[in-house]
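Source file: final-v9.cif. Holds: mmCIF, C-alpha atoms.
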```cif
data_run
#
loop_
_atom_site.label_atom_id
_atom_site.label_comp_id
_atom_site.auth_asym_id
_atom_site.auth_seq_id
_atom_site.Cartn_x
_atom_site.Cartn_y
_atom_site.Cartn_z
CA MET A 79 124.43 105.16 110.94
CA PHE A 80 121.03 103.95 109.64
CA ASN A 81 122.45 102.85 106.28
CA GLU A 82 125.59 101.24 107.76
CA SER A 83 123.52 99.25 110.27
CA GLN A 84 121.06 98.20 107.56
CA LEU A 85 123.96 96.75 105.53
CA LEU A 86 124.44 94.12 108.27
CA LEU A 87 120.99 92.71 107.46
CA SER A 88 120.41 90.17 104.70
CA GLN A 89 117.98 91.63 102.18
CA THR A 90 117.71 88.18 100.62
CA SER A 91 116.39 86.59 103.82
CA GLY A 92 113.88 89.45 104.16
CA PHE A 93 112.83 88.88 100.54
CA VAL A 94 112.50 85.11 100.96
CA ASN A 95 110.50 85.59 104.15
CA THR A 96 108.14 87.98 102.35
CA LEU A 97 107.55 85.42 99.60
CA ILE A 98 106.98 82.73 102.25
CA LEU A 99 104.36 84.79 104.14
CA ILE A 100 102.56 85.87 100.96
CA THR A 101 102.43 82.24 99.83
CA SER A 102 101.21 81.04 103.23
CA SER A 103 98.43 83.65 103.08
CA TYR A 104 97.50 82.30 99.65
CA PHE A 105 97.27 78.78 101.11
CA VAL A 106 95.04 80.07 103.92
CA VAL A 107 92.72 81.69 101.35
CA LYS A 108 92.49 78.32 99.56
CA ALA A 109 91.65 76.67 102.90
CA VAL A 110 88.91 79.25 103.60
CA HIS A 111 87.46 78.68 100.11
CA ALA A 112 87.38 74.93 100.72
CA ILE A 113 85.45 75.46 103.97
CA SER A 114 83.09 78.19 102.73
CA GLU A 115 82.01 76.10 99.74
CA MET A 116 81.17 73.19 102.03
CA THR A 117 77.71 71.60 101.94
CA TYR A 118 76.22 69.12 104.42
CA LYS A 119 77.08 66.34 102.00
CA SER A 120 80.73 67.37 101.71
CA ILE A 121 81.66 68.13 105.34
CA LYS A 122 84.35 65.45 105.54
CA GLU A 123 85.75 66.16 102.10
CA SER A 124 85.82 69.96 102.59
CA ASN A 125 87.50 69.68 106.00
CA HIS A 126 90.07 67.34 104.50
CA LYS A 127 90.75 69.74 101.63
CA ALA A 128 91.08 72.69 104.04
CA SER A 129 93.43 70.74 106.32
CA LYS A 130 95.77 70.10 103.39
CA TRP A 131 96.03 73.84 102.58
CA LEU A 132 96.40 74.71 106.25
CA LEU A 133 99.27 72.26 106.62
CA TYR A 134 101.09 74.00 103.74
CA ALA A 135 100.46 77.38 105.42
CA ILE A 136 101.80 76.10 108.77
CA ILE A 137 104.94 74.75 107.06
CA CYS A 138 105.45 78.21 105.51
CA GLY A 139 104.97 79.82 108.95
CA ILE A 140 107.60 77.52 110.46
CA ALA A 141 109.99 78.24 107.56
CA PHE A 142 109.54 81.98 108.21
CA LEU A 143 110.32 81.49 111.90
CA VAL A 144 113.44 79.41 111.17
CA ILE A 145 114.84 82.04 108.76
CA LYS A 146 114.03 84.90 111.16
CA PHE A 147 115.53 83.01 114.09
CA SER A 148 118.76 82.44 112.14
CA GLU A 149 118.84 86.18 111.39
CA PHE A 150 118.43 87.02 115.10
CA TYR A 151 121.11 84.43 115.96
CA TYR A 152 123.53 86.14 113.56
CA ILE A 153 122.68 89.64 114.82
CA PHE A 154 123.12 88.72 118.48
CA GLY A 155 126.27 86.75 117.59
CA GLU A 156 127.74 90.01 116.27
CA GLY A 157 127.22 91.48 119.74
CA ILE A 158 124.33 93.67 118.60
CA THR A 159 121.63 94.45 121.16
CA LEU A 160 118.67 96.81 121.57
CA SER A 161 121.03 99.50 122.88
CA THR A 162 123.58 99.27 120.03
CA ASN A 163 121.97 102.14 118.11
CA LYS A 164 118.55 103.50 117.12
CA PHE A 165 118.35 101.42 113.93
CA PHE A 166 118.84 98.14 115.77
CA MET A 167 116.51 99.22 118.56
CA PHE A 168 113.72 99.72 115.99
CA TYR A 169 114.74 96.68 113.93
CA LEU A 170 114.76 94.32 116.90
CA MET A 171 111.61 95.72 118.50
CA LEU A 172 109.56 95.66 115.28
CA THR A 173 110.74 92.30 113.97
CA MET A 174 110.66 90.55 117.36
CA PHE A 175 107.09 91.70 118.00
CA HIS A 176 106.20 90.48 114.52
CA PHE A 177 108.03 87.20 115.19
CA MET A 178 105.87 86.66 118.28
CA HIS A 179 102.74 87.32 116.19
CA VAL A 180 103.86 84.69 113.66
CA VAL A 181 104.40 82.22 116.52
CA LEU A 182 100.86 82.92 117.77
CA GLY A 183 99.46 82.75 114.23
CA SER A 184 101.12 79.37 113.67
CA VAL A 185 99.60 78.06 116.93
CA ILE A 186 96.16 79.36 115.84
CA LEU A 187 96.51 77.74 112.40
CA PHE A 188 97.61 74.48 114.03
CA ASN A 189 94.52 74.45 116.25
CA ILE A 190 92.27 75.09 113.24
CA TYR A 191 94.16 72.34 111.41
CA LYS A 192 93.50 69.90 114.27
CA LYS A 193 89.77 70.69 114.12
CA THR A 194 89.65 70.15 110.33
CA LYS A 195 91.29 66.75 110.85
CA ILE A 196 88.27 65.64 112.89
CA ALA A 197 85.88 67.33 110.41
CA GLY A 198 84.89 69.76 113.15
CA TYR A 199 83.70 72.56 110.87
CA THR A 200 80.20 72.52 109.39
CA PRO A 201 78.40 74.82 106.91
CA ASP A 202 76.76 76.52 109.95
CA ASP A 203 79.86 76.85 112.09
CA TYR A 204 83.17 77.94 110.61
CA ARG A 205 83.43 81.46 112.02
CA GLY A 206 86.45 80.51 114.14
CA PHE A 207 88.17 79.29 110.98
CA GLU A 208 87.63 82.65 109.24
CA THR A 209 88.74 84.61 112.31
CA GLY A 210 92.01 82.66 112.52
CA ALA A 211 92.56 83.16 108.81
CA SER A 212 92.03 86.93 109.16
CA TYR A 213 94.62 87.04 111.94
CA TRP A 214 97.13 85.30 109.68
CA HIS A 215 96.46 87.78 106.84
CA MET A 216 97.00 90.66 109.28
CA VAL A 217 100.40 89.18 110.23
CA ASP A 218 101.19 89.01 106.50
CA LEU A 219 100.02 92.61 106.01
CA LEU A 220 102.31 93.81 108.80
CA TRP A 221 105.30 92.09 107.20
CA ILE A 222 104.44 93.60 103.80
CA VAL A 223 104.95 97.03 105.43
CA LEU A 224 107.99 95.98 107.49
CA PHE A 225 109.94 94.49 104.57
CA PRO A 226 110.59 97.76 102.65
CA LEU A 227 110.85 99.78 105.86
CA VAL A 228 113.54 97.61 107.47
CA TYR A 229 115.40 96.07 104.53
CA ILE A 230 115.04 98.28 101.45
CA ILE A 231 114.52 101.99 102.17
CA ARG A 232 117.74 103.84 102.86
CA MET B 10 87.37 83.17 92.32
CA GLU B 11 90.20 80.60 92.36
CA LYS B 12 91.78 82.23 89.31
CA THR B 13 91.51 85.72 90.84
CA VAL B 14 93.27 84.68 94.05
CA LYS B 15 96.07 83.03 92.09
CA THR B 16 96.46 86.19 89.98
CA ILE B 17 96.60 88.30 93.16
CA TRP B 18 99.29 86.01 94.57
CA ILE B 19 101.34 86.34 91.37
CA ILE B 20 101.01 90.17 91.47
CA LEU B 21 102.16 90.17 95.11
CA VAL B 22 105.18 88.03 94.20
CA ILE B 23 106.08 90.31 91.26
CA LEU B 24 105.82 93.47 93.41
CA THR B 25 107.97 91.81 96.09
CA ILE B 26 110.63 90.90 93.51
CA PHE B 27 110.51 94.53 92.29
CA ALA B 28 111.11 95.83 95.85
CA TYR B 29 113.93 93.35 96.42
CA LEU B 30 115.67 94.27 93.16
CA LEU B 31 115.53 97.97 94.05
CA GLY B 32 117.41 97.19 97.25
CA TYR B 33 119.69 94.47 95.90
CA LEU B 34 120.85 96.50 92.88
CA LYS B 35 121.19 99.60 95.12
CA LEU B 36 118.86 101.57 92.86
CA ILE B 37 116.99 103.11 95.74
CA ASN B 38 116.74 106.91 95.74
CA SER B 39 114.19 109.47 96.92
CA SER B 40 111.91 109.18 93.87
CA LEU B 41 112.03 105.38 93.86
CA VAL B 42 111.17 105.33 97.56
CA ALA B 43 107.85 106.99 96.63
CA ILE B 44 107.21 104.27 94.03
CA LEU B 45 108.23 101.59 96.54
CA LEU B 46 105.78 102.94 99.12
CA ILE B 47 102.99 103.11 96.53
CA THR B 48 103.62 99.47 95.52
CA THR B 49 103.63 98.54 99.23
CA PHE B 50 100.21 100.21 99.59
CA ILE B 51 98.95 98.32 96.53
CA LYS B 52 100.22 95.03 98.01
CA GLY B 53 98.49 95.74 101.32
CA GLU B 54 95.29 96.74 99.55
CA LEU B 55 95.31 93.48 97.55
CA VAL B 56 95.72 91.46 100.76
CA ILE B 57 92.88 93.40 102.44
CA ASP B 58 90.46 93.10 99.51
CA HIS B 59 91.18 89.62 98.16
CA PHE B 60 92.90 87.60 100.92
CA MET B 61 90.97 88.99 103.89
CA GLY B 62 87.92 89.06 101.62
CA LEU B 63 86.86 92.60 102.51
CA LYS B 64 86.13 93.66 98.93
CA ALA B 65 82.53 92.51 99.25
CA VAL B 66 81.77 93.97 102.69
CA LYS B 67 80.38 97.40 103.59
CA LEU B 68 82.76 100.26 102.87
CA LYS B 69 82.91 101.37 106.53
CA TYR B 70 84.46 98.01 107.52
CA ARG B 71 86.73 97.88 104.51
CA LEU B 72 88.01 101.37 105.28
CA ILE B 73 89.32 100.39 108.75
CA PRO B 74 92.40 98.43 107.53
CA ILE B 75 92.78 100.67 104.45
CA ILE B 76 93.02 103.81 106.62
CA TRP B 77 95.44 102.01 108.95
CA LEU B 78 97.63 101.00 106.00
CA GLY B 79 97.50 104.47 104.44
CA THR B 80 98.39 106.11 107.74
CA VAL B 81 101.38 103.84 108.41
CA ILE B 82 102.76 104.25 104.88
CA SER B 83 102.21 108.04 105.01
CA LEU B 84 104.12 108.21 108.32
CA ILE B 85 107.01 106.25 106.78
CA ALA B 86 107.01 108.72 103.86
CA VAL B 87 107.03 111.71 106.24
CA ALA B 88 109.88 110.20 108.28
CA TYR B 89 111.88 109.60 105.08
CA TYR B 90 111.24 112.83 103.19
CA LEU B 91 111.14 115.34 106.05
CA PRO B 92 114.92 115.31 106.78
CA LEU B 93 115.83 115.55 103.04
#
```

The structure in this file should be written as structure tokens.
Amino acid sequence: MFNESQLLLSQTSGFVNTLILITSSYFVVKAVHAISEMTYKSIKESNHKASKWLLYAIICGIAFLVIKFSEFYYIFGEGITLSTNKFFMFYLMLTMFHFMHVVLGSVILFNIYKKTKIAGYTPDDYRGFETGASYWHMVDLLWIVLFPLVYIIR
Amino acid sequence: MEKTVKTIWIILVILTIFAYLLGYLKLINSSLVAILLITTFIKGELVIDHFMGLKAVKLKYRLIPIIWLGTVISLIAVAYYLPL
């Protein structure tokens, strides 16, 4: 039952989504570096540099959501629900909770992005930036565990 | 620093491709699941140390996500290997 249900999932979309999240995390690290190396003379320039990397990360987050949404659309189109079987109950619960975390993470990144656009971070005050970045890495970490669990192991 | 992060990203991509190929080519079996879980732990550890930047902090803080990751992956291993 587990293996047969798993065959209905697209391993390729899970793979692509993993690459997307890993890459978005990389972009967020670049943004954090840009901010943490900031001096009082380079506030505008550093914020601008960080905003560029954050924008790339947000685009990756949206791409992840679009691919995941299309996967859910296909699954529900096949008449599969939480009560279809245990595999789909776990699959839908785990991936939907993760999906909601990515939505929240994208909103957080967007808010940080907006603040970088007005050069709102200074060498003394960028803790919120780092906190948001850590949340995004945690979302990535969760997916790194979910990918083999849901799509690969059988 | 920049070079290290890029190298970490490349390693993460390579390990992800490895996991995907195991599934795509239907090579997965009980011994390869162990290797897959180990590579998943390595990927998580790389994210914790280099992306979250916890490599330089006190061990007690670094251990929090590492223990979480180890516990989750161990539970997956128990759930997989126990019925075999």

TODO: Step by step, work through what the PyMOL selection byres ((chain A and resi 136) around 12) selects in the shown file, and finish by giving those residues as a ChimeraX atom specification.
DONE: /A:98-99,101-106,109,129-135,137-143,180-192,211,214

- [ ] Considering only C-alpha atoms, state which residue in the set B:Phe60, B:Leu84, B:Tyr89, B:Lys69 is at the smallest distance from B:Val14.
- [x]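 That would be B:Phe60, the residue with the smallest distance to B:Val14.
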
TODO: Take the point (97.2, 93.7, 112.6) in the file's coordinates, draw a sphere of radius 10 Å around it, and report as a PyMOL selection string every protein, DNA or RNA residue with an atom inside or on it, counting all atoms listed in the file.
DONE: (chain A and resi 176+179+212-221) or (chain B and resi 74+77-78)

Task: Matched chain/residue IDs from the PyMOL selection byres ((chain B and resi 53) around 9), as a list in words - done: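 Evaluating the PyMOL selection byres ((chain B and resi 53) around 9) on this file yields Asp218, Leu219, Leu220, Ile222 and Val223 of chain A; Thr48, Thr49, Phe50, Ile51, Lys52, Glu54, Leu55, Val56, Ile57, Asp58, Ile75 and Leu78 of chain B.
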
Write a file of the just-selected residues containing C-alpha atoms, as a compact mmCIF listing (two decimals), in the coordinates of the input.
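Contents of the output file part.txt:
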```txt
# COMPACT_ATOMS: atom_id res chain seq x y z
CA ASP A 218 101.19 89.01 106.50
CA LEU A 219 100.02 92.61 106.01
CA LEU A 220 102.31 93.81 108.80
CA ILE A 222 104.44 93.60 103.80
CA VAL A 223 104.95 97.03 105.43
CA THR B 48 103.62 99.47 95.52
CA THR B 49 103.63 98.54 99.23
CA PHE B 50 100.21 100.21 99.59
CA ILE B 51 98.95 98.32 96.53
CA LYS B 52 100.22 95.03 98.01
CA GLU B 54 95.29 96.74 99.55
CA LEU B 55 95.31 93.48 97.55
CA VAL B 56 95.72 91.46 100.76
CA ILE B 57 92.88 93.40 102.44
CA ASP B 58 90.46 93.10 99.51
CA ILE B 75 92.78 100.67 104.45
CA LEU B 78 97.63 101.00 106.00
```

Task: Atomic distance atom CA of B:Leu63 - atom CA of A:Met178, expressed in Å with one decimal - done: 25.4 Å

Open item on the list: Report, in Å to a single decimal, how far apart atom CA of B:Glu11 and atom CA of B:Ala65 are.
Closed with: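 Atom-to-atom, atom CA of B:Ala65 to atom CA of B:Glu11, that is 15.8 Å.
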
Open item on the list: For a test of reading the model, state the distance in Å between atom CA of A:Thr96 and atom CA of B:Val22, rounded to one decimal.
Closed with: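 Interatomic distance, atom CA of A:Thr96 to atom CA of B:Val22: 8.7 Å.
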
Open item on the list: Between B:Thr13, B:Leu46, B:Tyr70, B:Ile82, which residue has the minimum interatomic distance to B:Phe27, considering all atoms listed in the file?
Closed with: B:Leu46

Task: Target residues per the PyMOL selection byres ((chain A and resi 166-169) around 12), formatted as a PyMOL selection string - done: chain A and resi 79-87+149-150+153-154+157-165+170-177+224-225+227-229

Task: Counting all atoms listed in the file, the residue of A:Ile100, A:Ala128, A:Ile145, A:Ile121 that sits nearest chain B - done: A:Ile100

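You can rank A:Thr209, A:Ser148, A:Thr194, A:Ser124 by their closest distance to chain B using all atoms listed in the file, and at the top of that list sits A:Thr209.
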
TODO: Select, from B:Leu68, B:Tyr29, B:Ile76, B:Ala43, the residue with the minimum atom-to-atom distance to chain A, counting only C-alpha atoms.
DONE: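 Counting only C-alpha atoms, the residue closest to chain A is B:Tyr29.
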